[in-house]
Amino acid sequence: MSKDTDKKIVVRMAPSPTGNLHIGTARTTLYNFLFAKKYGGKFILRIEDTDKERSTKEFEENILTGLLWLGLQHDEFYRQSERGDIYVDYVKRMIENGSAYISKETPTEPGQRESVVRFKNPNKKITFNDLIRGEVTFDTTELLDFVIARSPEEPLYHLAVVVDDHEMKVTHVIRGDDHISNTPRQILIQEAIGAKRPEYAHLPLIVDSSRAKLSKRKHGAVVWLDTYKEEGYQPEALLNYFSLLGWNPGDDREIFTLDEITQIFDILRVQKGSAVFDVLKLKWINKEHLKRLPLDVVNSEIKNWINKSLRIKNEGVDVDEGRIEKIIPIIFERISVWGEVTQLIDNGEFDYVLRTPKYTARDLTWKGEKDFANTLRHIERVIILLTDIPENDWTADKIKEVVWPYAESEGKGSVLWPIRYALSGMQKSPDPFTLATILGKEETLKRLSAANDILKNEK
RNA sequence: GGCCCUAUCGUCUAUCGGUUAGGACACAAGCUUUUCAAGCUUGGAAGCGGGGUUCGACUCCCCGUAGGGUCACCA
């Protein structure tokens, strides 16, 4: 595939606006995009809206914005509904040269015509070379004289595709495997109109865990790109994952930017077998992308997503900005997708920064303790130790330095658990030193003496 | 059912005749200052079956088997 000797590469993605942007469509678009960019070619986006019944402007809009959000910018744009004259021309020519004819029909379903344009099938074997699968042969006899247009003014899919690919000088047709059986039909039409046969590359399908094609009917929201956009995935992470569904660079690298993939992409390394969509791996890849983001982006994104929390909105909790700032890194290491920030808050994982914890003396006491006496003693001792720390020296390291010797001599769990619980009110939370820095000296001491009171009442 | 495609750990995959079949996700265990998260270390985990070809097959060929795709006046 040398750039110098071959003519310019032209690829196209041809979605039909009969549904929202499907992740399979996004992946196929990516592969087309990569192939074009890799070889300095042209990437055409063509909306196949010849089916006026099912196509809508909303779906078209959804597909366009989704692709743009992903960063898969096209070089040229067409809409089949605006190219009617061209198809009429070809249909007429085909009828004239005998490769198609008007056929009288008996409608069997509502909406069917009494006359349609059928292709005069030469009934032959078609063999084409697929960049991914190698040689594929079909006998077209079973296709019969298939319908290519309802009328000369109303072309059907196969005709429109072949005409457009020809007119647009498409050199490589990269599409889903589900189109492989359409290929012989389209080659037949190409031969009838004297079009050059493009190279074909049929991509393996993305399937579910039971290896069935991902479909909107069966899988619902998981197939819509929008779902991932709303859950806060990074567009580039999505692209990264899509690229790996059916392709690999040949070494162990797994995380790359769109530019990096473009550099190393090779369509000949595309897999033949279908690939199971695994959201867990997607999340891992997304997290890897998050880790590579600049800190200021991370900060502002996390704040954005915190603000979407219903827990904060509805319950009107008084949020201390300083504390929020301090939990950002803690939130960050717990998420792999932005949307999880909101979830975490809504699930109450960070309630300790939003409100005063509630708990019993039993909760406060380390599992090894027989009664509350030791716990009370530890809390009292720690209060004294912490009180001595000056306000401006209130850091996790300092707090730990002060408390640690005592914890070691008295038993770490026995001392640390009660402190942590008094500060968080939860079975699971960050460590007590981190907690203390988030809350600040004043609030920390307040919560510790509250714990003290609870223990005393218990005695 | 016809036609077509596919077949390595649970999943994504490396291997382009000779490897202790490698990596990643997930999982398990351990470590890391009590719980959690993160991190680190370790571990379990695969060539669908049967024939060939070959000195030698995961790799090439054939036959099965299994899975998938497609069979519209949709795209």
# chains A, B, ... in the order shown; residues from 1 in each chain; ligands from 1

call {"tool": "select_by_dssp", "arguments": {"residues": "region 120-255 of chain A", "states": "alpha helix (DSSP H)", "output": "PyMOL selection string"}}
result
chain A and resi 157-167+183-193+216-219+225-230+235-244

call {"tool": "interface_residues", "arguments": {"of": "chain B", "to": "chain A", "cutoff": "6 Å", "atoms": "only C-alpha atoms (C1' of nucleotides)", "output": "number ranges by chain"}}
result
B: 6, 23, 25, 34-38, 69, 73

call {"tool": "write_last_selection", "arguments": {"atoms": "N, CA and C atoms (P, O5', C5', C4', C3', O3' and C1' of nucleotides)", "output": "PDB file, in the first residue's frame"}}
result
ATOM      1  P     U B   6     -13.205 -17.018   7.815  1.00  0.00           P
ATOM      2  O5'   U B   6     -13.496 -17.173   9.374  1.00  0.00           O
ATOM      3  C5'   U B   6     -13.368 -16.054  10.244  1.00  0.00           C
ATOM      4  C4'   U B   6     -13.829 -16.417  11.634  1.00  0.00           C
ATOM      5  C3'   U B   6     -13.052 -17.528  12.318  1.00  0.00           C
ATOM      6  O3'   U B   6     -11.881 -17.006  12.920  1.00  0.00           O
ATOM      7  C1'   U B   6     -15.372 -17.892  12.600  1.00  0.00           C
ATOM      8  P     G B  23       3.154 -13.636  30.886  1.00  0.00           P
ATOM      9  O5'   G B  23       2.459 -12.315  30.321  1.00  0.00           O
ATOM     10  C5'   G B  23       3.267 -11.175  30.002  1.00  0.00           C
ATOM     11  C4'   G B  23       2.426 -10.139  29.312  1.00  0.00           C
ATOM     12  C3'   G B  23       1.182  -9.677  30.062  1.00  0.00           C
ATOM     13  O3'   G B  23       1.495  -8.704  31.040  1.00  0.00           O
ATOM     14  C1'   G B  23       0.626 -10.102  27.808  1.00  0.00           C
ATOM     15  P     C B  25      -4.144  -5.682  33.913  1.00  0.00           P
ATOM     16  O5'   C B  25      -5.685  -5.887  33.534  1.00  0.00           O
ATOM     17  C5'   C B  25      -6.441  -4.811  32.973  1.00  0.00           C
ATOM     18  C4'   C B  25      -7.841  -5.288  32.671  1.00  0.00           C
ATOM     19  C3'   C B  25      -8.574  -5.925  33.849  1.00  0.00           C
ATOM     20  O3'   C B  25      -9.180  -4.940  34.667  1.00  0.00           O
ATOM     21  C1'   C B  25      -8.801  -7.305  31.948  1.00  0.00           C
ATOM     22  P     U B  34      -3.050  -1.168  59.050  1.00  0.00           P
ATOM     23  O5'   U B  34      -3.466  -2.600  59.479  1.00  0.00           O
ATOM     24  C5'   U B  34      -3.648  -2.923  60.855  1.00  0.00           C
ATOM     25  C4'   U B  34      -5.096  -2.744  61.316  1.00  0.00           C
ATOM     26  C3'   U B  34      -6.107  -2.593  60.190  1.00  0.00           C
ATOM     27  O3'   U B  34      -6.476  -3.812  59.603  1.00  0.00           O
ATOM     28  C1'   U B  34      -6.531  -0.978  61.830  1.00  0.00           C
ATOM     29  P     U B  35      -6.776  -3.998  58.124  1.00  0.00           P
ATOM     30  O5'   U B  35      -8.203  -3.294  57.963  1.00  0.00           O
ATOM     31  C5'   U B  35      -9.379  -3.926  58.472  1.00  0.00           C
ATOM     32  C4'   U B  35     -10.587  -3.165  58.006  1.00  0.00           C
ATOM     33  C3'   U B  35     -10.655  -2.900  56.513  1.00  0.00           C
ATOM     34  O3'   U B  35     -11.144  -4.022  55.803  1.00  0.00           O
ATOM     35  C1'   U B  35     -11.185  -0.922  57.669  1.00  0.00           C
ATOM     36  P     C B  36     -10.470  -4.401  54.406  1.00  0.00           P
ATOM     37  O5'   C B  36     -10.809  -3.140  53.472  1.00  0.00           O
ATOM     38  C5'   C B  36     -12.141  -2.953  53.012  1.00  0.00           C
ATOM     39  C4'   C B  36     -12.310  -1.597  52.377  1.00  0.00           C
ATOM     40  C3'   C B  36     -11.547  -1.307  51.089  1.00  0.00           C
ATOM     41  O3'   C B  36     -12.103  -1.992  49.989  1.00  0.00           O
ATOM     42  C1'   C B  36     -11.641   0.629  52.435  1.00  0.00           C
ATOM     43  P     A B  37     -11.145  -2.458  48.786  1.00  0.00           P
ATOM     44  O5'   A B  37     -10.730  -1.052  48.149  1.00  0.00           O
ATOM     45  C5'   A B  37     -11.692  -0.259  47.472  1.00  0.00           C
ATOM     46  C4'   A B  37     -11.054   1.047  47.057  1.00  0.00           C
ATOM     47  C3'   A B  37      -9.792   0.921  46.218  1.00  0.00           C
ATOM     48  O3'   A B  37     -10.098   0.725  44.850  1.00  0.00           O
ATOM     49  C1'   A B  37      -9.436   2.485  47.936  1.00  0.00           C
ATOM     50  P     A B  38      -9.111  -0.150  43.942  1.00  0.00           P
ATOM     51  O5'   A B  38      -7.786   0.733  43.941  1.00  0.00           O
ATOM     52  C5'   A B  38      -7.739   1.954  43.207  1.00  0.00           C
ATOM     53  C4'   A B  38      -6.417   2.646  43.478  1.00  0.00           C
ATOM     54  C3'   A B  38      -5.179   1.832  43.145  1.00  0.00           C
ATOM     55  O3'   A B  38      -4.849   1.925  41.774  1.00  0.00           O
ATOM     56  C1'   A B  38      -4.949   2.750  45.295  1.00  0.00           C
ATOM     57  P     G B  69     -25.928 -13.608  15.106  1.00  0.00           P
ATOM     58  O5'   G B  69     -25.407 -13.259  13.642  1.00  0.00           O
ATOM     59  C5'   G B  69     -24.513 -12.169  13.443  1.00  0.00           C
ATOM     60  C4'   G B  69     -24.162 -12.088  11.979  1.00  0.00           C
ATOM     61  C3'   G B  69     -25.343 -11.979  11.040  1.00  0.00           C
ATOM     62  O3'   G B  69     -25.762 -10.642  10.920  1.00  0.00           O
ATOM     63  C1'   G B  69     -23.868 -13.636  10.236  1.00  0.00           C
ATOM     64  P     C B  73     -38.152  -7.782  -1.484  1.00  0.00           P
ATOM     65  O5'   C B  73     -38.438  -6.247  -1.760  1.00  0.00           O
ATOM     66  C5'   C B  73     -37.426  -5.385  -2.210  1.00  0.00           C
ATOM     67  C4'   C B  73     -38.002  -3.983  -2.047  1.00  0.00           C
ATOM     68  C3'   C B  73     -38.669  -3.869  -0.666  1.00  0.00           C
ATOM     69  O3'   C B  73     -38.036  -2.858   0.093  1.00  0.00           O
ATOM     70  C1'   C B  73     -40.234  -3.427  -2.477  1.00  0.00           C
TER      71        C B  73
END

call {"tool": "residues_around", "arguments": {"residues": "G44 (chain B)", "least_positions_apart": "4", "cutoff": "12 Å", "atoms": "only C-alpha atoms (C1' of nucleotides)", "output": "list in words"}}
result
C9, C27, A28 and A29 of chain B

call {"tool": "residues_around", "arguments": {"residues": "region 186-192 of chain A", "least_positions_apart": "6", "cutoff": "12 Å", "atoms": "only C-alpha atoms (C1' of nucleotides)", "output": "PyMOL selection string"}}
result
chain A and resi 90-91+93-100+118-129+137-141+143-148+156-167+173+179-180+198-200

call {"tool": "atom_distance", "arguments": {"atom1": "CA of Glu340 (chain A)", "atom2": "CA of Asn299 (chain A)"}}
result
14.5 Å

call {"tool": "residues_around", "arguments": {"residues": "Arg217 (chain A)", "least_positions_apart": "6", "cutoff": "12 Å", "atoms": "only C-alpha atoms (C1' of nucleotides)", "output": "PyMOL selection string"}}
result
chain A and resi 19+22+223-224

call {"tool": "write_last_selection", "arguments": {"atoms": "C-alpha atoms", "output": "PDB file, in the first residue's frame"}}
result
ATOM      1  CA  GLY A  19     -31.484   4.760  15.310  1.00  0.00           C
ATOM      2  CA  HIS A  22     -24.505   2.447  17.881  1.00  0.00           C
ATOM      3  CA  VAL A 223     -25.332  -0.297  22.452  1.00  0.00           C
ATOM      4  CA  TRP A 224     -25.818   3.467  22.370  1.00  0.00           C
TER       5      TRP A 224
END

call {"tool": "residues_around", "arguments": {"residues": "G17 (chain B)", "least_positions_apart": "6", "cutoff": "8 Å", "atoms": "only C-alpha atoms (C1' of nucleotides)", "output": "number ranges by chain"}}
result
B: 56-57, 59

call {"tool": "select_by_dssp", "arguments": {"residues": "region 74-317 of chain A", "states": "strand (DSSP E)", "output": "ChimeraX atom specification"}}
result
/A:76-79,100-104,115-119,125-130,134-139,147-151,154-155,172-176,199-203,206-207,275-276

call {"tool": "write_last_selection", "arguments": {"atoms": "C-alpha atoms", "output": "PDB file, in the first residue's frame"}}
result
ATOM      1  CA  GLU A  76     -16.715  15.104   3.135  1.00  0.00           C
ATOM      2  CA  PHE A  77     -20.384  14.720   3.856  1.00  0.00           C
ATOM      3  CA  TYR A  78     -23.299  13.453   1.761  1.00  0.00           C
ATOM      4  CA  ARG A  79     -26.913  12.562   2.190  1.00  0.00           C
ATOM      5  CA  ALA A 100     -32.203  -4.132 -15.121  1.00  0.00           C
ATOM      6  CA  TYR A 101     -35.870  -4.175 -16.027  1.00  0.00           C
ATOM      7  CA  ILE A 102     -39.245  -3.007 -14.876  1.00  0.00           C
ATOM      8  CA  SER A 103     -41.062  -5.927 -13.366  1.00  0.00           C
ATOM      9  CA  LYS A 104     -44.807  -6.326 -12.848  1.00  0.00           C
ATOM     10  CA  SER A 115     -44.037  -2.534 -10.562  1.00  0.00           C
ATOM     11  CA  VAL A 116     -40.440  -2.401  -9.363  1.00  0.00           C
ATOM     12  CA  VAL A 117     -36.997  -2.310 -10.917  1.00  0.00           C
ATOM     13  CA  ARG A 118     -35.254  -5.659 -10.784  1.00  0.00           C
ATOM     14  CA  PHE A 119     -31.653  -6.458 -11.530  1.00  0.00           C
ATOM     15  CA  LYS A 125     -19.996 -17.110  -9.202  1.00  0.00           C
ATOM     16  CA  ILE A 126     -18.427 -14.047  -7.631  1.00  0.00           C
ATOM     17  CA  THR A 127     -15.081 -14.245  -5.910  1.00  0.00           C
ATOM     18  CA  PHE A 128     -13.661 -11.247  -4.156  1.00  0.00           C
ATOM     19  CA  ASN A 129     -10.665 -10.676  -2.002  1.00  0.00           C
ATOM     20  CA  ASP A 130     -11.262  -9.467   1.509  1.00  0.00           C
ATOM     21  CA  GLY A 134      -8.978 -13.549   2.160  1.00  0.00           C
ATOM     22  CA  GLU A 135     -10.828 -14.974  -0.810  1.00  0.00           C
ATOM     23  CA  VAL A 136     -14.590 -15.302  -0.506  1.00  0.00           C
ATOM     24  CA  THR A 137     -16.792 -16.919  -3.123  1.00  0.00           C
ATOM     25  CA  PHE A 138     -20.545 -16.755  -3.571  1.00  0.00           C
ATOM     26  CA  ASP A 139     -22.880 -18.183  -6.151  1.00  0.00           C
ATOM     27  CA  VAL A 147     -35.074  -5.524  -6.543  1.00  0.00           C
ATOM     28  CA  ILE A 148     -32.770  -2.502  -6.840  1.00  0.00           C
ATOM     29  CA  ALA A 149     -35.406   0.247  -6.818  1.00  0.00           C
ATOM     30  CA  ARG A 150     -39.054   0.598  -6.028  1.00  0.00           C
ATOM     31  CA  SER A 151     -39.199   2.890  -9.009  1.00  0.00           C
ATOM     32  CA  GLU A 154     -36.830   5.431  -5.359  1.00  0.00           C
ATOM     33  CA  PRO A 155     -33.544   3.551  -5.258  1.00  0.00           C
ATOM     34  CA  HIS A 172     -11.812   0.710   0.238  1.00  0.00           C
ATOM     35  CA  VAL A 173     -15.056  -0.479   1.705  1.00  0.00           C
ATOM     36  CA  ILE A 174     -14.505  -1.131   5.400  1.00  0.00           C
ATOM     37  CA  ARG A 175     -17.663  -2.287   7.100  1.00  0.00           C
ATOM     38  CA  GLY A 176     -19.125  -4.814   9.483  1.00  0.00           C
ATOM     39  CA  GLU A 199     -11.095  -3.358  -1.929  1.00  0.00           C
ATOM     40  CA  TYR A 200     -13.163  -4.920   0.804  1.00  0.00           C
ATOM     41  CA  ALA A 201     -12.441  -5.340   4.470  1.00  0.00           C
ATOM     42  CA  HIS A 202     -15.149  -6.929   6.573  1.00  0.00           C
ATOM     43  CA  LEU A 203     -14.685  -6.277  10.262  1.00  0.00           C
ATOM     44  CA  ILE A 206     -18.876  -6.873  18.369  1.00  0.00           C
ATOM     45  CA  VAL A 207     -20.940  -9.419  20.257  1.00  0.00           C
ATOM     46  CA  ALA A 275     -15.116  -9.911  19.872  1.00  0.00           C
ATOM     47  CA  VAL A 276     -17.098  -9.875  23.086  1.00  0.00           C
TER      48      VAL A 276
END

call {"tool": "atom_distance", "arguments": {"atom1": "CA of Ile44 (chain A)", "atom2": "CA of His74 (chain A)"}}
result
5.7 Å

call {"tool": "closest_residue", "arguments": {"among": "A:Thr25, A:Asn32, A:Asn62, A:Gln80", "to": "Thr262 (chain A)", "atoms": "only C-alpha atoms"}}
result
A:Asn32

call {"tool": "closest_residue", "arguments": {"among": "B:U54, B:A7, B:A46, B:C16", "to": "A66 (chain B)", "atoms": "only C-alpha atoms (C1' of nucleotides)"}}
result
B:A7

call {"tool": "residues_around", "arguments": {"residues": "Asp296 (chain A)", "least_positions_apart": "5", "cutoff": "12 Å", "atoms": "only C-alpha atoms (C1' of nucleotides)", "output": "list in words"}}
result
Leu290, Glu301, Ile302, Lys303, Glu325, Ile328 and Pro329 of chain A

call {"tool": "atom_distance", "arguments": {"atom1": "CA of Pro294 (chain A)", "atom2": "CA of Phe265 (chain A)"}}
result
26.4 Å

call {"tool": "closest_residue", "arguments": {"among": "A:Met168, A:Leu258, A:Ile132, A:Val88", "to": "Leu34 (chain A)", "atoms": "only C-alpha atoms"}}
result
A:Leu258
